[in-house]
file target_2.cif (mmCIF, C-alpha atoms)
data_data
loop_
_atom_site.group_PDB
_atom_site.id
_atom_site.type_symbol
_atom_site.label_atom_id
_atom_site.label_comp_id
_atom_site.auth_asym_id
_atom_site.auth_seq_id
_atom_site.Cartn_x
_atom_site.Cartn_y
_atom_site.Cartn_z
ATOM 1 C CA MET A 19 0.000 0.000 0.000
ATOM 2 C CA LYS A 20 2.792 2.379 0.909
ATOM 3 C CA LYS A 21 4.656 1.576 -2.297
ATOM 4 C CA SER A 22 1.572 2.300 -4.401
ATOM 5 C CA THR A 23 1.099 5.675 -2.695
ATOM 6 C CA CYS A 24 4.692 6.652 -3.458
ATOM 7 C CA LYS A 25 4.235 5.773 -7.113
ATOM 8 C CA THR A 26 1.084 7.866 -7.323
ATOM 9 C CA GLN A 27 2.747 10.895 -5.775
ATOM 10 C CA SER A 28 5.845 10.500 -7.966
ATOM 11 C CA SER A 29 3.640 10.383 -11.056
ATOM 12 C CA ALA A 30 1.821 13.506 -9.917
ATOM 13 C CA VAL A 31 5.093 15.359 -9.384
ATOM 14 C CA ARG A 32 6.243 14.449 -12.895
ATOM 15 C CA THR A 33 2.919 15.618 -14.310
ATOM 16 C CA ILE A 34 3.148 18.940 -12.480
ATOM 17 C CA LEU A 35 6.743 19.473 -13.613
ATOM 18 C CA MET A 36 5.748 18.753 -17.218
ATOM 19 C CA VAL A 37 2.896 21.259 -16.935
ATOM 20 C CA GLY A 38 5.276 23.878 -15.564
ATOM 21 C CA ALA A 39 7.838 23.238 -18.296
ATOM 22 C CA THR A 40 5.162 23.508 -20.982
ATOM 23 C CA LEU A 41 3.903 26.777 -19.484
ATOM 24 C CA LEU A 42 7.413 28.258 -19.486
ATOM 25 C CA ALA A 43 8.154 27.106 -23.037
ATOM 26 C CA LEU A 44 4.892 28.459 -24.429
ATOM 27 C CA ASP A 45 5.273 31.786 -22.653
ATOM 28 C CA THR A 46 8.857 32.180 -23.918
ATOM 29 C CA ALA A 47 7.860 31.282 -27.476
ATOM 30 C CA ALA A 48 4.986 33.752 -27.409
ATOM 31 C CA ALA A 49 7.291 36.518 -26.207
ATOM 32 C CA GLN A 50 9.865 35.777 -28.932
ATOM 33 C CA ASP A 51 7.241 35.647 -31.679
ATOM 34 C CA SER A 52 5.776 38.988 -30.635
ATOM 35 C CA GLU A 53 9.089 40.851 -30.996
ATOM 36 C CA GLY A 54 9.061 40.987 -34.785
ATOM 37 C CA ALA A 55 5.335 40.778 -35.483
ATOM 38 C CA PRO A 56 3.166 43.795 -36.353
ATOM 39 C CA ALA A 57 1.061 44.937 -33.416
ATOM 40 C CA GLN A 58 -2.214 44.293 -35.191
ATOM 41 C CA THR A 59 -1.381 40.607 -35.799
ATOM 42 C CA GLN A 60 0.000 39.752 -32.369
ATOM 43 C CA ALA A 61 -1.876 37.127 -30.389
ATOM 44 C CA GLN A 62 -2.581 38.517 -26.960
ATOM 45 C CA VAL A 63 -1.376 36.048 -24.341
ATOM 46 C CA GLU A 64 -3.227 36.704 -21.105
ATOM 47 C CA SER A 65 -1.598 36.027 -17.761
ATOM 48 C CA SER A 66 -2.748 36.619 -14.219
ATOM 49 C CA ILE A 67 -1.285 35.981 -10.795
ATOM 50 C CA GLY A 68 -2.664 36.528 -7.333
ATOM 51 C CA VAL A 69 -3.161 35.273 -3.807
ATOM 52 C CA ASP A 70 -6.340 34.954 -1.742
ATOM 53 C CA MET A 71 -6.357 34.977 2.058
ATOM 54 C CA THR A 72 -8.975 33.232 4.190
ATOM 55 C CA ASN A 73 -9.460 31.332 7.444
ATOM 56 C CA GLN A 74 -11.659 28.522 6.068
ATOM 57 C CA TYR A 75 -11.252 26.302 3.029
ATOM 58 C CA PHE A 76 -14.065 24.140 1.656
ATOM 59 C CA PHE A 77 -13.712 21.996 -1.458
ATOM 60 C CA ARG A 78 -17.008 20.985 -3.051
ATOM 61 C CA GLY A 79 -18.817 21.350 0.241
ATOM 62 C CA ILE A 80 -16.245 19.388 2.269
ATOM 63 C CA VAL A 81 -14.199 21.265 4.866
ATOM 64 C CA GLN A 82 -10.445 21.040 4.268
ATOM 65 C CA GLU A 83 -9.312 23.475 6.965
ATOM 66 C CA ASN A 84 -11.033 25.904 9.346
ATOM 67 C CA GLN A 85 -8.201 26.805 11.700
ATOM 68 C CA GLY A 86 -5.352 29.265 11.351
ATOM 69 C CA ALA A 87 -4.427 31.395 8.356
ATOM 70 C CA ILE A 88 -4.790 30.125 4.786
ATOM 71 C CA ALA A 89 -3.037 31.638 1.751
ATOM 72 C CA GLN A 90 -4.037 30.484 -1.737
ATOM 73 C CA PRO A 91 -1.650 31.769 -4.450
ATOM 74 C CA TRP A 92 -2.323 31.055 -8.119
ATOM 75 C CA ILE A 93 -1.013 31.758 -11.599
ATOM 76 C CA ASP A 94 -2.875 31.366 -14.884
ATOM 77 C CA PHE A 95 -2.004 31.691 -18.588
ATOM 78 C CA VAL A 96 -4.377 31.830 -21.571
ATOM 79 C CA PHE A 97 -2.958 31.368 -25.089
ATOM 80 C CA PRO A 98 -5.201 32.243 -28.081
ATOM 81 C CA LEU A 99 -5.462 29.407 -30.607
ATOM 82 C CA GLY A 100 -7.616 30.976 -33.295
ATOM 83 C CA GLU A 101 -10.920 32.561 -34.175
ATOM 84 C CA GLY A 102 -13.831 31.701 -36.415
ATOM 85 C CA GLU A 103 -17.257 33.133 -37.054
ATOM 86 C CA ASN A 104 -18.598 34.038 -33.596
ATOM 87 C CA THR A 105 -16.076 31.678 -31.956
ATOM 88 C CA SER A 106 -12.622 31.942 -30.405
ATOM 89 C CA TRP A 107 -10.441 29.114 -29.081
ATOM 90 C CA SER A 108 -7.782 29.231 -26.376
ATOM 91 C CA PHE A 109 -5.369 27.031 -24.425
ATOM 92 C CA ASN A 110 -5.326 27.513 -20.657
ATOM 93 C CA ILE A 111 -2.683 26.350 -18.175
ATOM 94 C CA GLY A 112 -1.889 27.216 -14.580
ATOM 95 C CA THR A 113 -1.544 26.220 -10.945
ATOM 96 C CA TRP A 114 -3.471 26.893 -7.740
ATOM 97 C CA ASN A 115 -2.131 26.328 -4.215
ATOM 98 C CA SER A 116 -3.352 26.272 -0.631
ATOM 99 C CA LEU A 117 -0.910 27.006 2.209
ATOM 100 C CA HIS A 118 -2.041 26.366 5.793
ATOM 101 C CA ASP A 119 -0.616 27.030 9.240
ATOM 102 C CA GLY A 120 -3.383 25.008 10.925
ATOM 103 C CA PRO A 121 -3.522 21.243 11.641
ATOM 104 C CA THR A 122 -3.487 20.296 7.926
ATOM 105 C CA GLY A 123 -0.396 22.441 7.360
ATOM 106 C CA SER A 124 2.571 23.590 9.400
ATOM 107 C CA GLY A 125 0.484 23.239 12.574
ATOM 108 C CA GLY A 126 0.386 19.471 12.095
ATOM 109 C CA ALA A 127 3.054 17.123 13.412
ATOM 110 C CA GLY A 128 5.962 17.024 10.974
ATOM 111 C CA MET A 129 3.959 18.628 8.153
ATOM 112 C CA SER A 130 4.800 21.526 5.856
ATOM 113 C CA MET A 131 2.376 24.366 5.190
ATOM 114 C CA HIS A 132 1.908 23.378 1.509
ATOM 115 C CA TYR A 133 -1.383 21.481 1.758
ATOM 116 C CA GLU A 134 -2.469 21.482 -1.882
ATOM 117 C CA LEU A 135 -1.109 22.120 -5.362
ATOM 118 C CA ASP A 136 -3.482 21.865 -8.327
ATOM 119 C CA ALA A 137 -2.060 21.879 -11.860
ATOM 120 C CA TYR A 138 -4.379 22.140 -14.844
ATOM 121 C CA ALA A 139 -4.386 22.444 -18.620
ATOM 122 C CA GLY A 140 -7.358 22.752 -20.930
ATOM 123 C CA ILE A 141 -9.039 24.018 -24.069
ATOM 124 C CA GLY A 142 -11.673 26.754 -23.990
ATOM 125 C CA VAL A 143 -14.067 28.181 -26.548
ATOM 126 C CA ASP A 144 -16.204 31.333 -26.584
ATOM 127 C CA PHE A 145 -19.167 31.083 -28.944
ATOM 128 C CA ALA A 146 -22.528 32.613 -29.845
ATOM 129 C CA GLU A 147 -21.379 35.931 -28.331
ATOM 130 C CA ASN A 148 -22.321 35.142 -24.716
ATOM 131 C CA TRP A 149 -21.423 31.480 -24.188
ATOM 132 C CA SER A 150 -18.164 29.924 -22.978
ATOM 133 C CA SER A 151 -17.141 26.310 -22.491
ATOM 134 C CA SER A 152 -13.964 24.485 -21.490
ATOM 135 C CA VAL A 153 -12.505 21.013 -20.970
ATOM 136 C CA SER A 154 -9.581 20.709 -18.536
ATOM 137 C CA TYR A 155 -7.330 17.979 -17.146
ATOM 138 C CA VAL A 156 -6.618 18.641 -13.474
ATOM 139 C CA VAL A 157 -4.168 17.064 -11.012
ATOM 140 C CA LEU A 158 -4.868 17.727 -7.315
ATOM 141 C CA TYR A 159 -1.714 16.934 -5.343
ATOM 142 C CA SER A 160 -0.766 17.360 -1.687
ATOM 143 C CA PRO A 161 2.931 18.257 -1.195
ATOM 144 C CA ASN A 162 2.643 17.547 2.544
ATOM 145 C CA SER A 163 0.849 14.207 1.918
ATOM 146 C CA ALA A 164 -2.359 15.319 3.645
ATOM 147 C CA PHE A 165 -4.443 13.541 0.977
ATOM 148 C CA ALA A 166 -3.945 11.150 -1.919
ATOM 149 C CA THR A 167 -3.494 12.508 -5.435
ATOM 150 C CA VAL A 168 -6.629 12.977 -7.539
ATOM 151 C CA LYS A 169 -6.745 13.293 -11.331
ATOM 152 C CA GLU A 170 -9.921 14.470 -13.008
ATOM 153 C CA LEU A 171 -11.493 15.829 -16.173
ATOM 154 C CA ASP A 172 -13.510 19.028 -15.736
ATOM 155 C CA ILE A 173 -16.128 20.173 -18.254
ATOM 156 C CA SER A 174 -17.835 23.534 -17.828
ATOM 157 C CA ILE A 175 -20.199 25.862 -19.645
ATOM 158 C CA SER A 176 -21.229 29.396 -18.704
ATOM 159 C CA PHE A 177 -23.432 32.197 -20.009
ATOM 160 C CA ASP A 178 -22.648 35.914 -19.802
ATOM 161 C CA ASP A 179 -26.038 37.484 -19.118
ATOM 162 C CA SER A 180 -24.735 41.019 -18.498
ATOM 163 C CA GLY A 181 -26.183 42.144 -21.842
ATOM 164 C CA LEU A 182 -29.666 41.422 -20.549
ATOM 165 C CA PHE A 183 -29.178 44.082 -17.872
ATOM 166 C CA GLY A 184 -27.692 46.916 -19.897
ATOM 167 C CA GLY A 185 -24.192 45.542 -20.482
ATOM 168 C CA GLU A 186 -21.277 47.865 -19.690
ATOM 169 C CA SER A 187 -23.626 50.796 -19.131
ATOM 170 C CA SER A 188 -25.205 49.038 -16.147
ATOM 171 C CA SER A 189 -23.762 48.611 -12.652
ATOM 172 C CA PHE A 190 -25.309 45.128 -12.507
ATOM 173 C CA SER A 191 -23.420 42.479 -14.484
ATOM 174 C CA GLY A 192 -26.065 39.772 -14.210
ATOM 175 C CA VAL A 193 -25.901 36.462 -12.362
ATOM 176 C CA GLN A 194 -23.425 34.754 -14.750
ATOM 177 C CA PRO A 195 -24.890 31.213 -14.563
ATOM 178 C CA SER A 196 -22.533 28.262 -15.034
ATOM 179 C CA VAL A 197 -22.470 24.467 -14.828
ATOM 180 C CA THR A 198 -19.405 22.315 -14.095
ATOM 181 C CA LEU A 199 -19.035 18.540 -14.340
ATOM 182 C CA ALA A 200 -15.934 17.000 -12.728
ATOM 183 C CA TRP A 201 -15.173 13.366 -13.552
ATOM 184 C CA GLU A 202 -12.573 11.714 -11.324
ATOM 185 C CA LEU A 203 -10.220 9.552 -13.391
ATOM 186 C CA ALA A 204 -7.945 8.388 -10.558
ATOM 187 C CA GLY A 205 -8.308 8.852 -6.818
ATOM 188 C CA GLN A 206 -11.246 10.607 -5.199
ATOM 189 C CA SER A 207 -11.855 13.689 -3.085
ATOM 190 C CA ASP A 208 -14.588 12.673 -0.650
ATOM 191 C CA VAL A 209 -12.826 9.957 1.395
ATOM 192 C CA GLY A 210 -14.893 7.307 -0.364
ATOM 193 C CA SER A 211 -13.755 4.089 -2.004
ATOM 194 C CA ASP A 212 -14.498 4.794 -5.687
ATOM 195 C CA GLU A 213 -13.943 7.571 -8.208
ATOM 196 C CA GLY A 214 -16.973 9.804 -8.557
ATOM 197 C CA ILE A 215 -18.658 12.480 -10.646
ATOM 198 C CA TYR A 216 -19.363 15.955 -9.285
ATOM 199 C CA LEU A 217 -21.971 18.321 -10.726
ATOM 200 C CA GLU A 218 -22.119 21.993 -9.792
ATOM 201 C CA ALA A 219 -24.518 24.716 -10.906
ATOM 202 C CA GLY A 220 -23.680 28.231 -9.813
ATOM 203 C CA ILE A 221 -24.282 31.951 -10.129
ATOM 204 C CA GLU A 222 -22.171 34.932 -9.110
#
call {"tool": "encode", "arguments": {"input": "target_2.cif", "output": "structure tokens"}}
result
Amino acid sequence: MKKSTCKTQSSAVRTILMVGATLLALDTAAAQDSEGAPAQTQAQVESSIGVDMTNQYFFRGIVQENQGAIAQPWIDFVFPLGEGENTSWSFNIGTWNSLHDGPTGSGGAGMSMHYELDAYAGIGVDFAENWSSSVSYVVLYSPNSAFATVKELDISISFDDSGLFGGESSSFSGVQPSVTLAWELAGQSDVGSDEGIYLEAGIE
């Protein structure tokens, strides 16, 4: 059992390193290509980085930590792939982390604060003016071994309803409805015995 766990974590580390290497290579290539290209033909690579602070962390309704301070840094890149009539395609890659000083982090016996590292890569499409959809492969890994590695396929679709309420001229941007389906391919997140399927419907 212990040997199998080590193999799973080693595989996850390799996957995360490959994702990071791909991100760096794509970002470098995009920067080099943009140097000699006319401004009007440059593909706009979008990148964002940030950190959220909280004192409670729930994942799909299940409490992960509710003691101490929690920092959740993330970085995300979006690479345009092409456009068609009323459609645009993109490649998305990034990581999300959760750092704890409570019992599941540095407050636990012999544990580091790095509770979770999620690495993801996926394809997205915007279509019919207000609709967006994406398919992503996600690895949820625990650097401090607080939980077993989970690999899943996430499918989502969302609708931008801000135009129904006046668009940019309105202070109300709508409810932005979305639906996400997460299909666990290996491991599971709810302390059960089998991989599962998670369905979420949400508004902002």
call {"tool": "closest_atom_pairs", "arguments": {"input": "target_2.cif", "of": "segment 139-215 of chain A", "to": "segment 99-110 of chain A", "cutoff": "8 Å", "atoms": "all atoms listed in the file", "output": "CSV"}}
result
residue,atom,partner,partner_atom,distance
A:Ala139,CA,A:Asn110,CA,5.5
A:Gly140,CA,A:Asn110,CA,5.2
A:Ile141,CA,A:Phe109,CA,4.8
A:Gly142,CA,A:Ser108,CA,5.2
A:Val143,CA,A:Trp107,CA,4.5
A:Asp144,CA,A:Ser106,CA,5.3
A:Phe145,CA,A:Thr105,CA,4.4
A:Ala146,CA,A:Asn104,CA,5.6
A:Glu147,CA,A:Asn104,CA,6.2
call {"tool": "resolve_selection", "arguments": {"input": "target_2.cif", "expression": "the PyMOL selection byres ((chain A and resi 117-120) around 8)", "output": "ChimeraX atom specification"}}
result
/A:83-90,115-116,121-126,131-134
call {"tool": "residues_around", "arguments": {"input": "target_2.cif", "residues": "Tyr216 of chain A", "least_positions_apart": "6", "cutoff": "9 Å", "atoms": "all atoms listed in the file", "output": "JSON, numbers by chain"}}
result
{"A": [78, 198, 199, 200, 201, 202]}
call {"tool": "residues_around", "arguments": {"input": "target_2.cif", "residues": "Ala219 of chain A", "least_positions_apart": "5", "cutoff": "8 Å", "atoms": "only C-alpha atoms", "output": "tab-separated table (two decimals) with C-alpha atoms, keeping the file's coordinate frame"}}
result
chain	number	residue	atom	x	y	z
A	195	PRO	CA	-24.89	31.21	-14.56
A	196	SER	CA	-22.53	28.26	-15.03
A	197	VAL	CA	-22.47	24.47	-14.83
A	198	THR	CA	-19.40	22.32	-14.10
call {"tool": "atom_distance", "arguments": {"input": "target_2.cif", "atom1": "atom CA of Trp149 of chain A", "atom2": "atom CA of Thr113 of chain A"}}
result
24.5 Å
call {"tool": "resolve_selection", "arguments": {"input": "target_2.cif", "expression": "the PyMOL selection byres ((chain A and resi 177) around 6)", "output": "PyMOL selection string"}}
result
chain A and resi 148-149+176+178-179+194-195
call {"tool": "residues_near_point", "arguments": {"input": "target_2.cif", "point": "(2.2, 34.8, -7.4)", "cutoff": "9 Å", "atoms": "only C-alpha atoms", "output": "PDB file with C-alpha atoms, in the frame of the given file"}}
result
ATOM      1  CA  SER A  66      -2.748  36.619 -14.219  1.00  0.00           C
ATOM      2  CA  ILE A  67      -1.285  35.981 -10.795  1.00  0.00           C
ATOM      3  CA  GLY A  68      -2.664  36.528  -7.333  1.00  0.00           C
ATOM      4  CA  VAL A  69      -3.161  35.273  -3.807  1.00  0.00           C
ATOM      5  CA  PRO A  91      -1.650  31.769  -4.450  1.00  0.00           C
ATOM      6  CA  TRP A  92      -2.323  31.055  -8.119  1.00  0.00           C
ATOM      7  CA  ILE A  93      -1.013  31.758 -11.599  1.00  0.00           C
TER       8      ILE A  93
END
call {"tool": "resolve_selection", "arguments": {"input": "target_2.cif", "expression": "the PyMOL selection byres ((chain A and resi 154) around 8)", "output": "list of chain:residue names"}}
result
A:Tyr138, A:Ala139, A:Gly140, A:Ile141, A:Ser152, A:Val153, A:Tyr155, A:Val156, A:Leu171, A:Asp172, A:Ile173
call {"tool": "closest_residue", "arguments": {"input": "target_2.cif", "among": "A:Ser160, A:Val168, A:Val96, A:Ser130", "to": "Asp212 of chain A", "atoms": "all atoms listed in the file"}}
result
A:Val168
call {"tool": "atom_distance", "arguments": {"input": "target_2.cif", "atom1": "atom CA of Tyr75 of chain A", "atom2": "atom CA of Ser151 of chain A"}}
result
26.2 Å
call {"tool": "atom_distance", "arguments": {"input": "target_2.cif", "atom1": "atom CA of Gly214 of chain A", "atom2": "atom CA of Ser174 of chain A"}}
result
16.6 Å
call {"tool": "closest_residue", "arguments": {"input": "target_2.cif", "among": "A:Gly112, A:Gly220, A:Gly205, A:Gly210", "to": "Tyr159 of chain A", "atoms": "only C-alpha atoms"}}
result
A:Gly205
call {"tool": "closest_residue", "arguments": {"input": "target_2.cif", "among": "A:Ala204, A:Ile80, A:Asn73, A:Gly128", "to": "Ser163 of chain A", "atoms": "all atoms listed in the file"}}
result
A:Gly128
call {"tool": "closest_residue", "arguments": {"input": "target_2.cif", "among": "A:Glu170, A:Val193, A:Ile175, A:Ala137", "to": "Ile215 of chain A", "atoms": "all atoms listed in the file"}}
result
A:Glu170
call {"tool": "closest_residue", "arguments": {"input": "target_2.cif", "among": "A:Ser211, A:Met71, A:Asp136, A:Glu222", "to": "Thr167 of chain A", "atoms": "all atoms listed in the file"}}
result
A:Asp136
call {"tool": "build_atoms", "arguments": {"input": "target_2.cif", "residues": "segment 111-123 of chain A", "atoms": "N, CA and C atoms", "output": "short mmCIF file (atom, residue, chain, number, x, y, z; two decimals), in the coordinates of the input"}}
result
data_model
loop_
_atom_site.label_atom_id
_atom_site.label_comp_id
_atom_site.auth_asym_id
_atom_site.auth_seq_id
_atom_site.Cartn_x
_atom_site.Cartn_y
_atom_site.Cartn_z
N ILE A 111 -3.54 27.15 -19.04
CA ILE A 111 -2.68 26.35 -18.18
C ILE A 111 -2.35 27.15 -16.93
N GLY A 112 -2.21 26.48 -15.80
CA GLY A 112 -1.89 27.22 -14.58
C GLY A 112 -1.81 26.32 -13.36
N THR A 113 -1.59 26.94 -12.22
CA THR A 113 -1.54 26.22 -10.94
C THR A 113 -2.29 27.02 -9.88
N TRP A 114 -2.79 26.30 -8.89
CA TRP A 114 -3.47 26.89 -7.74
C TRP A 114 -2.97 26.17 -6.50
N ASN A 115 -2.71 26.91 -5.42
CA ASN A 115 -2.13 26.33 -4.22
C ASN A 115 -2.91 26.73 -2.97
N SER A 116 -2.77 25.93 -1.92
CA SER A 116 -3.35 26.27 -0.63
C SER A 116 -2.31 26.00 0.46
N LEU A 117 -1.94 27.07 1.17
CA LEU A 117 -0.91 27.01 2.21
C LEU A 117 -1.55 27.24 3.57
N HIS A 118 -1.36 26.31 4.50
CA HIS A 118 -2.04 26.37 5.79
C HIS A 118 -1.04 26.42 6.95
N ASP A 119 -1.41 27.13 8.01
CA ASP A 119 -0.62 27.03 9.24
C ASP A 119 -1.41 26.35 10.36
N GLY A 120 -2.56 25.77 9.99
CA GLY A 120 -3.38 25.01 10.92
C GLY A 120 -2.99 23.54 10.95
N PRO A 121 -3.83 22.67 11.49
CA PRO A 121 -3.52 21.24 11.64
C PRO A 121 -3.20 20.51 10.34
N THR A 122 -3.77 20.96 9.20
CA THR A 122 -3.49 20.30 7.93
C THR A 122 -2.25 20.87 7.25
N GLY A 123 -1.60 21.83 7.90
CA GLY A 123 -0.40 22.44 7.36
C GLY A 123 0.73 22.41 8.36
#
